[in-house]
$ cat structure36.cif   # mmCIF, C-alpha atoms
data_my_file
#
loop_
_atom_site.label_atom_id
_atom_site.label_comp_id
_atom_site.auth_asym_id
_atom_site.auth_seq_id
_atom_site.Cartn_x
_atom_site.Cartn_y
_atom_site.Cartn_z
CA MET A 1 28.76 -0.09 8.17
CA SER A 2 31.08 1.93 10.37
CA ASP A 3 32.50 0.72 13.69
CA ASP A 4 30.90 3.73 15.27
CA TYR A 5 27.47 2.64 14.07
CA GLU A 6 28.04 -0.87 15.38
CA ALA A 7 29.07 0.54 18.77
CA ARG A 8 26.01 2.75 18.96
CA LEU A 9 23.80 -0.24 18.21
CA GLN A 10 25.50 -2.54 20.69
CA ALA A 11 25.19 0.13 23.38
CA TRP A 12 21.49 -0.76 23.40
CA VAL A 13 22.07 -4.29 24.68
CA GLY A 14 20.73 -4.58 28.23
CA ARG A 15 18.92 -1.28 28.06
CA GLU A 16 15.27 -0.78 28.79
CA LEU A 17 13.42 -0.34 25.54
CA VAL A 18 9.95 0.22 26.91
CA ALA A 19 9.36 1.21 30.52
CA ARG A 20 6.72 -0.69 32.45
CA ARG A 21 3.42 0.29 30.92
CA PRO A 22 -0.04 -0.99 31.81
CA GLY A 23 -2.38 -2.34 29.16
CA GLN A 24 -5.23 -0.03 28.20
CA ASP A 25 -7.83 -2.32 29.74
CA PRO A 26 -7.84 -5.10 32.29
CA VAL A 27 -8.40 -8.64 31.06
CA ASN A 28 -12.05 -8.72 29.99
CA VAL A 29 -14.60 -11.02 28.42
CA PRO A 30 -15.45 -8.91 25.32
CA MET A 31 -11.82 -8.92 24.14
CA ILE A 32 -11.56 -12.64 24.92
CA ARG A 33 -14.69 -13.27 22.88
CA HIS A 34 -13.32 -11.23 19.99
CA TRP A 35 -10.10 -13.28 20.12
CA VAL A 36 -11.63 -16.76 20.36
CA GLU A 37 -14.12 -15.97 17.59
CA ALA A 38 -11.36 -14.82 15.22
CA MET A 39 -9.13 -17.78 16.15
CA GLU A 40 -12.14 -20.15 15.96
CA ASP A 41 -11.05 -21.53 19.32
CA ALA A 42 -13.87 -23.64 20.77
CA ASN A 43 -12.24 -24.31 24.16
CA PRO A 44 -15.16 -23.58 26.57
CA VAL A 45 -12.99 -22.39 29.49
CA TYR A 46 -12.61 -18.94 27.92
CA LEU A 47 -16.31 -17.98 27.86
CA ASP A 48 -18.34 -20.59 29.73
CA GLU A 49 -18.16 -20.10 33.50
CA ASP A 50 -19.52 -23.57 34.32
CA ALA A 51 -17.22 -25.33 31.88
CA ALA A 52 -14.27 -23.48 33.40
CA LYS A 53 -15.30 -24.46 36.93
CA ALA A 54 -15.68 -28.08 35.81
CA THR A 55 -11.94 -28.09 35.07
CA GLY A 56 -11.07 -26.97 38.59
CA ARG A 57 -10.71 -23.27 37.80
CA ASP A 58 -12.50 -20.49 39.71
CA GLY A 59 -14.09 -19.23 36.54
CA VAL A 60 -13.27 -18.30 32.94
CA VAL A 61 -9.66 -17.62 32.01
CA ALA A 62 -8.04 -15.80 29.11
CA PRO A 63 -6.29 -17.85 26.40
CA ALA A 64 -2.62 -18.06 27.33
CA SER A 65 -1.55 -16.95 23.87
CA MET A 66 -3.53 -13.74 24.31
CA ILE A 67 -1.01 -12.33 26.80
CA GLN A 68 0.59 -9.96 24.30
CA ALA A 69 -2.77 -8.63 23.14
CA TRP A 70 -3.51 -7.18 26.59
CA THR A 71 -0.67 -4.70 26.26
CA MET A 72 -0.88 -3.84 22.56
CA ARG A 73 -1.05 -0.10 22.04
CA GLY A 74 -4.13 -0.20 19.81
CA TYR A 75 -5.17 1.66 16.69
CA ALA A 76 -4.91 5.29 17.77
CA ALA A 77 -1.34 5.00 18.99
CA THR A 78 -0.38 3.01 15.89
CA VAL A 79 -1.58 5.62 13.42
CA ARG A 80 -0.72 8.64 15.60
CA PRO A 81 2.30 7.61 17.62
CA SER A 82 3.16 9.68 20.67
CA THR A 83 5.48 12.55 19.82
CA GLU A 84 7.43 11.85 22.98
CA PRO A 85 10.11 9.46 21.77
CA SER A 86 10.54 6.22 23.72
CA GLY A 87 13.65 4.08 23.81
CA PHE A 88 11.93 1.86 21.29
CA ASP A 89 11.51 4.80 18.88
CA GLU A 90 15.16 5.74 19.34
CA LEU A 91 16.31 2.21 18.53
CA VAL A 92 13.98 2.03 15.51
CA ALA A 93 15.41 5.35 14.30
CA LEU A 94 18.97 4.09 14.77
CA LEU A 95 18.14 0.93 12.83
CA GLY A 96 16.51 3.10 10.17
CA GLU A 97 19.76 5.06 9.91
CA GLY A 98 21.42 1.77 8.96
CA GLY A 99 18.77 1.24 6.27
CA TYR A 100 16.87 -1.40 8.29
CA THR A 101 13.47 0.11 7.71
CA SER A 102 11.34 -3.03 7.46
CA VAL A 103 10.49 -5.40 10.27
CA VAL A 104 9.21 -8.92 10.60
CA ALA A 105 8.85 -10.97 13.76
CA THR A 106 10.78 -14.25 13.64
CA ASP A 107 10.61 -15.84 17.11
CA SER A 108 8.42 -15.67 20.15
CA GLU A 109 9.07 -17.72 23.27
CA LEU A 110 6.32 -17.34 25.83
CA GLU A 111 6.58 -18.80 29.33
CA PHE A 112 3.47 -18.56 31.51
CA GLU A 113 3.53 -18.34 35.30
CA ARG A 114 -0.21 -18.41 35.73
CA GLU A 115 -3.47 -18.08 33.82
CA LEU A 116 -5.05 -14.64 33.57
CA VAL A 117 -8.64 -14.02 34.64
CA PRO A 118 -11.00 -11.12 33.94
CA GLY A 119 -9.97 -8.17 36.10
CA ASP A 120 -6.23 -8.86 35.92
CA HIS A 121 -4.48 -5.69 34.83
CA VAL A 122 -1.37 -6.61 32.91
CA SER A 123 1.62 -4.35 32.33
CA VAL A 124 4.68 -4.96 30.16
CA GLU A 125 8.26 -3.76 30.12
CA GLU A 126 10.88 -4.64 27.54
CA HIS A 127 14.66 -4.92 27.58
CA VAL A 128 17.08 -5.44 24.71
CA GLU A 129 18.82 -8.80 24.94
CA SER A 130 20.97 -8.78 21.77
CA ILE A 131 21.42 -7.21 18.34
CA SER A 132 23.03 -9.45 15.74
CA PRO A 133 25.59 -8.48 13.11
CA GLU A 134 24.10 -7.89 9.67
CA LYS A 135 22.88 -11.15 8.12
CA LYS A 136 21.73 -11.93 4.63
CA THR A 137 18.17 -13.22 4.63
CA GLY A 138 15.60 -14.03 2.00
CA LEU A 139 13.91 -10.74 2.71
CA GLY A 140 17.06 -8.65 2.50
CA ALA A 141 20.09 -7.84 4.63
CA GLY A 142 19.11 -7.28 8.22
CA ARG A 143 19.78 -7.63 11.92
CA PHE A 144 17.99 -9.81 14.43
CA VAL A 145 16.96 -7.86 17.50
CA SER A 146 16.13 -9.98 20.57
CA THR A 147 14.26 -8.45 23.45
CA VAL A 148 12.60 -9.80 26.57
CA LYS A 149 9.15 -8.61 27.53
CA THR A 150 8.12 -9.11 31.13
CA TYR A 151 4.39 -9.18 31.84
CA ARG A 152 3.27 -8.37 35.40
CA ASP A 153 -0.06 -8.19 37.15
CA ALA A 154 -1.26 -5.17 39.13
CA SER A 155 0.69 -6.29 42.20
CA GLY A 156 3.92 -6.49 40.22
CA GLU A 157 4.08 -10.31 40.13
CA VAL A 158 5.44 -11.73 36.87
CA VAL A 159 2.65 -13.57 35.02
CA ALA A 160 4.58 -14.30 31.82
CA THR A 161 7.81 -13.56 29.95
CA GLN A 162 8.37 -13.41 26.24
CA ARG A 163 11.62 -13.57 24.35
CA TRP A 164 10.83 -11.70 21.19
CA ARG A 165 12.99 -11.68 18.11
CA THR A 166 12.44 -9.46 15.10
CA LEU A 167 14.36 -9.08 11.88
CA ARG A 168 14.94 -5.44 11.02
CA PHE A 169 15.83 -5.48 7.35
CA ARG A 170 16.53 -3.49 4.22
CA PRO A 171 13.98 -4.68 1.64
CA ALA A 172 15.79 -6.52 -1.15
CA ASP A 173 15.74 -4.50 -4.35
CA LYS A 174 12.80 -5.61 -6.38
CA PRO A 175 13.56 -5.87 -10.09
CA ALA A 176 11.53 -3.21 -11.85
CA PRO A 177 8.54 -4.90 -13.40
CA GLU A 178 9.31 -5.36 -17.10
CA LYS A 179 7.04 -3.18 -19.09
CA PRO A 180 6.14 -4.70 -22.41
CA LYS A 181 7.86 -2.55 -25.02
CA ALA A 182 5.49 -0.26 -26.84
CA LEU A 183 4.51 -1.43 -30.30
CA ARG A 184 5.44 0.56 -33.36
CA PRO A 185 2.66 2.53 -34.94
CA ARG A 186 0.54 0.25 -37.12
CA PRO A 187 0.87 0.74 -40.87
CA ALA A 188 -2.38 1.83 -42.50
CA VAL A 189 -2.98 -1.35 -44.47
CA ASN A 190 -5.70 -1.24 -47.13
CA PRO A 191 -6.70 -3.39 -50.15
CA ASP A 192 -4.30 -1.41 -52.38
CA ASN A 193 -1.15 -1.90 -50.26
CA ALA A 194 -1.83 -5.12 -48.32
CA PHE A 195 0.23 -7.17 -50.81
CA TRP A 196 3.32 -5.17 -49.91
CA PHE A 197 3.03 -5.78 -46.13
CA GLU A 198 2.13 -9.43 -46.71
CA ALA A 199 5.31 -9.88 -48.74
CA ALA A 200 7.25 -8.05 -46.02
CA ARG A 201 6.05 -10.59 -43.48
CA GLU A 202 7.77 -13.20 -45.65
CA HIS A 203 10.87 -10.94 -45.76
CA ARG A 204 10.38 -10.22 -49.43
CA LEU A 205 10.71 -6.62 -50.62
CA VAL A 206 8.42 -6.28 -53.60
CA ILE A 207 7.85 -3.39 -55.98
CA GLN A 208 4.55 -2.79 -57.71
CA ARG A 209 4.77 -2.86 -61.51
CA CYS A 210 2.24 -1.67 -64.06
CA ALA A 211 1.07 -4.69 -66.05
CA ASP A 212 0.67 -2.53 -69.15
CA CYS A 213 3.57 -0.07 -69.34
CA LYS A 214 5.83 -2.08 -66.98
CA SER A 215 6.86 1.01 -64.97
CA LEU A 216 7.67 0.44 -61.31
CA ARG A 217 6.05 2.47 -58.54
CA HIS A 218 6.21 2.93 -54.78
CA PRO A 219 4.36 3.48 -52.51
CA PRO A 220 1.69 1.08 -53.73
CA GLY A 221 -1.42 2.51 -55.37
CA PRO A 222 -4.37 1.32 -57.42
CA CYS A 223 -3.49 3.13 -60.62
CA CYS A 224 -0.34 3.58 -62.70
CA PRO A 225 0.78 7.22 -62.52
CA GLN A 226 2.41 6.85 -65.94
CA CYS A 227 -0.35 5.27 -68.06
CA GLY A 228 -3.42 5.17 -65.81
CA SER A 229 -3.77 1.41 -65.97
CA PHE A 230 -5.34 -0.41 -63.04
CA ALA A 231 -3.60 -3.66 -63.95
CA TRP A 232 -0.49 -4.45 -61.95
CA ASP A 233 1.84 -7.15 -60.73
CA THR A 234 5.04 -7.12 -58.67
CA VAL A 235 8.73 -7.76 -58.99
CA GLU A 236 11.03 -8.67 -56.11
CA SER A 237 13.74 -6.16 -55.36
CA SER A 238 17.40 -7.13 -55.40
CA GLY A 239 17.67 -5.36 -52.04
CA GLU A 240 20.54 -3.18 -53.21
CA GLY A 241 20.43 0.58 -53.27
CA HIS A 242 21.88 3.75 -51.86
CA VAL A 243 20.94 6.44 -49.38
CA TYR A 244 19.10 9.09 -51.36
CA THR A 245 18.65 11.30 -48.32
CA PHE A 246 18.15 10.89 -44.59
CA THR A 247 17.42 12.62 -41.31
CA VAL A 248 18.25 11.82 -37.70
CA ASN A 249 15.34 12.07 -35.29
CA HIS A 250 16.00 13.05 -31.67
CA HIS A 251 12.66 14.46 -30.68
CA PRO A 252 9.79 13.84 -30.15
CA ARG A 253 10.36 10.29 -29.03
CA HIS A 254 8.02 7.39 -29.59
CA PRO A 255 8.51 4.60 -27.00
CA ALA A 256 8.79 1.89 -29.66
CA PHE A 257 11.98 3.32 -31.16
CA ASP A 258 15.58 3.66 -30.07
CA TYR A 259 17.06 7.14 -30.46
CA PRO A 260 18.80 8.80 -32.19
CA LEU A 261 16.78 7.30 -35.01
CA VAL A 262 17.95 7.38 -38.62
CA VAL A 263 15.11 7.74 -41.11
CA ALA A 264 16.43 7.28 -44.62
CA VAL A 265 15.02 7.52 -48.11
CA VAL A 266 16.67 4.64 -49.93
CA GLU A 267 16.75 4.52 -53.71
CA LEU A 268 16.69 0.90 -54.84
CA ALA A 269 18.75 -0.37 -57.76
CA GLU A 270 15.40 -0.84 -59.52
CA GLY A 271 14.82 2.92 -59.31
CA THR A 272 11.99 3.29 -56.80
CA ARG A 273 12.52 4.89 -53.41
CA LEU A 274 11.20 3.93 -50.01
CA ILE A 275 11.44 5.26 -46.48
CA ALA A 276 13.13 2.95 -43.99
CA ASN A 277 15.32 2.88 -40.90
CA MET A 278 19.01 2.14 -40.94
CA THR A 279 20.74 -0.54 -38.94
CA GLY A 280 24.35 -1.44 -38.21
CA VAL A 281 25.60 2.12 -38.54
CA GLU A 282 26.07 5.08 -36.23
CA PRO A 283 23.85 8.02 -37.17
CA ALA A 284 26.97 10.17 -37.57
CA ASP A 285 28.35 7.76 -40.18
CA VAL A 286 25.37 7.81 -42.51
CA GLU A 287 26.03 9.67 -45.74
CA VAL A 288 24.03 10.55 -48.79
CA GLY A 289 24.99 8.18 -51.60
CA MET A 290 26.14 5.47 -49.20
CA PRO A 291 25.58 2.01 -50.75
CA VAL A 292 23.17 -0.04 -48.68
CA VAL A 293 21.68 -3.53 -48.67
CA LEU A 294 18.37 -4.81 -47.45
CA ASP A 295 17.86 -6.40 -44.05
CA TRP A 296 14.71 -7.19 -42.08
CA ILE A 297 13.41 -6.50 -38.60
CA ASP A 298 10.44 -8.09 -36.88
CA PRO A 299 9.53 -5.51 -34.21
CA ASP A 300 6.53 -7.49 -33.07
CA PRO A 301 4.71 -10.67 -34.10
CA ASP A 302 2.45 -8.85 -36.57
CA LEU A 303 4.98 -6.58 -38.17
CA SER A 304 8.01 -7.14 -40.39
CA LEU A 305 9.75 -4.17 -42.00
CA PRO A 306 12.66 -3.63 -44.35
CA VAL A 307 15.69 -1.80 -42.99
CA PHE A 308 19.00 -1.05 -44.66
CA ARG A 309 22.56 -1.52 -43.61
CA PRO A 310 25.77 -0.24 -45.19
CA ALA A 311 26.89 -2.50 -48.03
CA ALA A 312 30.17 -4.31 -47.42
CA HIS A 313 32.96 -2.55 -49.26
CA LYS A 314 33.48 -4.20 -52.58
CA GLU A 315 37.04 -4.98 -53.67
CA ARG A 316 37.80 -2.95 -56.71
CA MET B 1 -12.95 -34.71 27.37
CA SER B 2 -9.62 -33.71 28.79
CA ARG B 3 -6.58 -35.85 28.33
CA ALA B 4 -4.87 -37.10 31.48
CA PHE B 5 -1.10 -37.04 31.87
CA ASP B 6 -0.89 -40.84 32.08
CA GLU B 7 -2.88 -41.32 28.87
CA VAL B 8 -0.32 -39.51 26.79
CA ALA B 9 2.77 -41.18 25.34
CA VAL B 10 5.86 -39.66 23.81
CA GLY B 11 5.61 -40.09 20.05
CA GLU B 12 1.83 -39.77 20.01
CA GLU B 13 0.66 -37.75 17.05
CA LEU B 14 -1.99 -35.08 17.18
CA PRO B 15 -4.63 -35.14 14.43
CA GLU B 16 -3.65 -32.72 11.71
CA LEU B 17 -5.61 -29.49 11.42
CA PRO B 18 -5.84 -27.61 8.10
CA ILE B 19 -6.52 -23.90 8.54
CA PRO B 20 -7.76 -22.03 5.44
CA LEU B 21 -6.09 -18.62 5.34
CA THR B 22 -8.64 -16.17 4.05
CA ARG B 23 -7.89 -12.47 3.79
CA THR B 24 -10.75 -11.79 6.18
CA MET B 25 -9.35 -14.20 8.73
CA ILE B 26 -5.85 -12.68 8.52
CA VAL B 27 -7.28 -9.18 9.06
CA ALA B 28 -9.80 -10.27 11.72
CA THR B 29 -7.21 -12.08 13.80
CA ALA B 30 -4.75 -9.17 13.55
CA LEU B 31 -7.43 -6.83 14.84
CA ALA B 32 -8.56 -9.26 17.55
CA SER B 33 -5.00 -9.14 18.82
CA ARG B 34 -5.06 -5.32 18.58
CA ASP B 35 -2.27 -5.36 16.01
CA TYR B 36 -2.83 -2.48 13.57
CA GLN B 37 0.47 -2.76 11.68
CA ASP B 38 -0.37 -2.02 8.04
CA VAL B 39 1.37 -5.18 6.75
CA HIS B 40 -1.43 -7.22 8.31
CA HIS B 41 -4.31 -5.44 6.59
CA ASP B 42 -3.13 -3.13 3.76
CA PRO B 43 -1.89 -5.01 0.68
CA ALA B 44 -0.36 -1.96 -1.07
CA LEU B 45 1.65 -0.91 1.96
CA ALA B 46 2.65 -4.52 2.61
CA GLU B 47 4.11 -4.60 -0.93
CA ASP B 48 5.95 -1.33 -0.36
CA ARG B 49 7.56 -2.89 2.66
CA GLY B 50 8.87 -5.84 0.69
CA SER B 51 6.09 -8.38 1.12
CA LYS B 52 3.96 -9.83 -1.69
CA ASP B 53 0.71 -9.31 0.22
CA VAL B 54 -0.63 -8.89 3.73
CA PHE B 55 0.40 -11.71 6.03
CA MET B 56 -0.66 -13.22 9.34
CA ASN B 57 0.77 -11.61 12.47
CA ILE B 58 2.76 -13.56 15.02
CA LEU B 59 0.17 -13.13 17.78
CA THR B 60 -2.29 -15.05 15.62
CA THR B 61 0.21 -17.81 14.98
CA ASN B 62 0.56 -18.09 18.76
CA GLY B 63 -3.22 -18.16 19.07
CA LEU B 64 -3.65 -20.90 16.45
CA VAL B 65 -0.90 -23.06 17.92
CA ASP B 66 -2.52 -22.59 21.35
CA ARG B 67 -5.91 -23.58 19.92
CA TYR B 68 -4.43 -26.60 18.11
CA VAL B 69 -2.76 -28.05 21.19
CA THR B 70 -5.50 -27.28 23.72
CA SER B 71 -8.22 -28.65 21.43
CA TRP B 72 -6.30 -31.94 21.54
CA ALA B 73 -5.36 -31.75 25.24
CA GLY B 74 -8.82 -30.71 26.41
CA PRO B 75 -10.15 -27.82 28.51
CA ALA B 76 -8.42 -28.91 31.73
CA ALA B 77 -4.97 -28.44 30.18
CA ARG B 78 -3.05 -25.32 31.20
CA VAL B 79 -0.60 -23.82 28.76
CA LYS B 80 2.84 -23.25 30.31
CA ALA B 81 4.88 -22.25 27.27
CA ILE B 82 4.50 -21.46 23.58
CA ARG B 83 7.85 -21.19 21.81
CA ILE B 84 7.65 -20.62 18.09
CA ARG B 85 9.82 -19.70 15.16
CA LEU B 86 8.26 -18.13 12.10
CA GLY B 87 9.25 -19.04 8.56
CA ALA B 88 7.21 -18.70 5.36
CA PRO B 89 4.55 -16.03 5.76
CA ASN B 90 0.89 -17.01 5.86
CA TYR B 91 -0.57 -15.19 2.86
CA PRO B 92 -4.24 -14.99 1.92
CA GLY B 93 -5.51 -17.84 -0.23
CA ASP B 94 -3.14 -20.41 1.22
CA THR B 95 -3.87 -23.18 3.73
CA MET B 96 -1.73 -23.92 6.75
CA VAL B 97 -1.76 -27.51 7.97
CA LEU B 98 -0.86 -27.96 11.63
CA THR B 99 0.66 -31.20 12.83
CA GLY B 100 2.03 -32.12 16.23
CA THR B 101 3.83 -34.87 18.08
CA VAL B 102 4.27 -35.42 21.80
CA SER B 103 8.01 -34.89 22.14
CA ALA B 104 8.57 -35.12 25.90
CA LYS B 105 6.86 -35.78 29.24
CA HIS B 106 7.96 -34.44 32.62
CA ASP B 107 6.44 -36.09 35.71
CA ASP B 108 7.30 -32.96 37.65
CA GLY B 109 4.20 -30.82 37.22
CA HIS B 110 2.62 -33.25 34.73
CA ARG B 111 4.05 -31.33 31.86
CA VAL B 112 3.86 -32.54 28.29
CA GLU B 113 5.77 -31.02 25.40
CA ILE B 114 4.30 -31.07 21.94
CA ALA B 115 6.42 -30.33 18.88
CA VAL B 116 4.21 -28.37 16.52
CA ARG B 117 4.62 -27.59 12.86
CA GLY B 118 2.42 -25.50 10.57
CA VAL B 119 3.16 -25.79 6.86
CA ASN B 120 1.69 -23.75 4.01
CA ALA B 121 2.23 -23.93 0.25
CA ILE B 122 5.52 -22.02 0.51
CA GLY B 123 6.99 -24.10 3.33
CA PRO B 124 7.02 -24.24 7.12
CA HIS B 125 5.25 -21.20 8.53
CA VAL B 126 5.77 -22.13 12.15
CA THR B 127 7.86 -24.65 14.03
CA GLY B 128 7.91 -24.78 17.77
CA THR B 129 7.04 -26.33 21.07
CA VAL B 130 4.00 -25.99 23.29
CA VAL B 131 4.20 -27.09 26.91
CA VAL B 132 0.94 -27.99 28.65
CA GLN B 133 0.19 -29.15 32.14
CA LEU B 134 -2.27 -32.04 32.10
CA PRO B 135 -4.53 -33.14 34.92
CA GLY B 136 -4.79 -36.44 36.72
CA GLY B 137 -2.68 -39.47 36.30
CA ALA B 138 -1.23 -41.83 38.85
CA ALA B 139 1.15 -39.30 40.40
#

$ encode --input "structure36.cif" --output "structure tokens"
Amino acid sequence: MSDDYEARLQAWVGRELVARRPGQDPVNVPMIRHWVEAMEDANPVYLDEDAAKATGRDGVVAPASMIQAWTMRGYAATVRPSTEPSGFDELVALLGEGGYTSVVATDSELEFERELVPGDHVSVEEHVESISPEKKTGLGAGRFVSTVKTYRDASGEVVATQRWRTLRFRPADKPAPEKPKALRPRPAVNPDNAFWFEAAREHRLVIQRCADCKSLRHPPGPCCPQCGSFAWDTVESSGEGHVYTFTVNHHPRHPAFDYPLVVAVVELAEGTRLIANMTGVEPADVEVGMPVVLDWIDPDPDLSLPVFRPAAHKER
Amino acid sequence: MSRAFDEVAVGEELPELPIPLTRTMIVATALASRDYQDVHHDPALAEDRGSKDVFMNILTTNGLVDRYVTSWAGPAARVKAIRIRLGAPNYPGDTMVLTGTVSAKHDDGHRVEIAVRGVNAIGPHVTGTVVVQLPGGAA
């Protein structure tokens, strides 16, 4: 924050923020009733003339705490503020320039000179008392702005004063809500290939084998393409192989994958080929013929898949 | 009915008062005090402004502290000062429990100071002092 900004802020100390302004309505019973109903305040002196007189008063009085309500600007001025800027608007704009766009009231110190009665017409004026240096608070970095509001009756007599402190703050950065990562597309599991995915969940790479002619096949199917037999069993792969071919996907992107994404056709030592992703290698370093070994990933609790990584160089 | 100045002793505790904080009550009290700031009635805008939900406005806290002390002191009491500091916001669904202790007495003007505290599930919402003028007594 520049010295110039600080000086411009501090220039506000002592200045009138809001010129003396009368409340929209005089103190009146309907607004008192609205207040005591919402506050559930059963004190009879606010609405019951006789009860008020029994306490030595001339009649009903307004709740002391209601003082500020008599000079609130109301709904219309809140949603459609006057286009004529007040000192208050100027100070709010200056605080906004410093990033202090949020506000919360922190202290209120009301001193009452006398009780208000229906018919009293209250006005308020406000002066800036102090503006603090920037402080770190639980809500974010901000400045405490202290002002004094002076409440007067129609004759100009002070009926109450209020030291009012607000924190003007920069909302602390909220961590972006963590979106659950998208799941990979589900494999189309059916009675003919379920054994393969079940083995994968145990981190076993199996290859279907014809029980009659003993030829291996992948992807899984009900019938041997060599001899037509429906009888089959499986063997477990050694997990060694080489890159038969591959491609690098950049687009379109599926949210479950990291890009660029290597999609390889790996030929296993046993002779069958399967499609899998690569891991532990930059896409630019993948080559056709590259020796690879099996690894496993568990992208989500219901899915385990084989991937391949470059085989460690063998000493020759 | 009303408490007399002489009947009150420093250290006397006020009965505690739990106040359920419903969303309706937070909005109704904000409007009764003619406070139309969105953070007191619009949850989405309150979140945008860095709050987890709408929260009670300070005028209402003043009103509840006023009610708490005068309901104990009685209708003859006149409120001379309400000085409060706000802490943890009063959010819907919570309960604020008000407690108070007579902290000082001043013969001049029969004034009694009550230290007031309102605590919700997050922590102290309000701490402060209410000064009331009580009737009667030997003076």

$ resolve_selection --input "structure36.cif" --expression "the PyMOL selection byres ((chain B and resi 28) around 10)" --output "PyMOL selection string"
(chain A and resi 34-35+37-39) or (chain B and resi 22-27+29-35+40-41+56+60)

$ atom_distance --input "structure36.cif" --atom1 "atom CA of Ile114 of chain B" --atom2 "atom CA of Pro118 of chain A"
27.9 Å

$ atom_distance --input "structure36.cif" --atom1 "atom CA of Asn90 of chain B" --atom2 "atom CA of Phe55 of chain B"
5.3 Å

$ closest_residue --input "structure36.cif" --among "A:Ser123, A:Thr55, A:Asn249, A:Gln24" --to "chain B" --atoms "all atoms listed in the file"
A:Thr55

$ interface_residues --input "structure36.cif" --of "chain B" --to "chain A" --cutoff "8 Å" --atoms "only C-alpha atoms" --output "PyMOL selection string"
chain B and resi 25+28-29+32-37+49-50+58-60+62-64+66-67+70-71+74-76+78-87

$ resolve_selection --input "structure36.cif" --expression "the PyMOL selection byres ((chain A and resi 286) around 12)" --output "PyMOL selection string"
chain A and resi 242-248+261-266+277-285+287-292+308-311

$ closest_residue --input "structure36.cif" --among "A:Asp298, A:Gly241, A:Glu90, A:Asp212" --to "Cys227 of chain A" --atoms "all atoms listed in the file"
A:Asp212

$ resolve_selection --input "structure36.cif" --expression "the PyMOL selection byres ((chain B and resi 15) around 9)" --output "short mmCIF file (atom, residue, chain, number, x, y, z; two decimals) with C-alpha atoms, in the coordinates of the input"
data_model
loop_
_atom_site.label_atom_id
_atom_site.label_comp_id
_atom_site.auth_asym_id
_atom_site.auth_seq_id
_atom_site.Cartn_x
_atom_site.Cartn_y
_atom_site.Cartn_z
CA GLU B 13 0.66 -37.75 17.05
CA LEU B 14 -1.99 -35.08 17.18
CA GLU B 16 -3.65 -32.72 11.71
CA LEU B 17 -5.61 -29.49 11.42
CA TRP B 72 -6.30 -31.94 21.54
CA LEU B 98 -0.86 -27.96 11.63
CA THR B 99 0.66 -31.20 12.83
CA GLY B 100 2.03 -32.12 16.23
#

$ closest_residue --input "structure36.cif" --among "B:Ala88, B:Val65, B:Met1, B:Val112" --to "Val131 of chain B" --atoms "all atoms listed in the file"
B:Val112

$ atom_distance --input "structure36.cif" --atom1 "atom CA of Gly87 of chain A" --atom2 "atom CA of Asn28 of chain A"
29.4 Å

$ residues_around --input "structure36.cif" --residues "Phe5 of chain B" --least-positions-apart "5" --cutoff "7 Å" --atoms "only C-alpha atoms" --output "mmCIF file with C-alpha atoms, in the frame of the given file"
data_model
loop_
_atom_site.group_PDB
_atom_site.id
_atom_site.type_symbol
_atom_site.label_atom_id
_atom_site.label_comp_id
_atom_site.auth_asym_id
_atom_site.auth_seq_id
_atom_site.Cartn_x
_atom_site.Cartn_y
_atom_site.Cartn_z
ATOM 1 C CA HIS B 110 2.620 -33.250 34.730
ATOM 2 C CA LEU B 134 -2.270 -32.040 32.100
ATOM 3 C CA PRO B 135 -4.530 -33.140 34.920
ATOM 4 C CA GLY B 136 -4.790 -36.440 36.720
ATOM 5 C CA GLY B 137 -2.680 -39.470 36.300
#
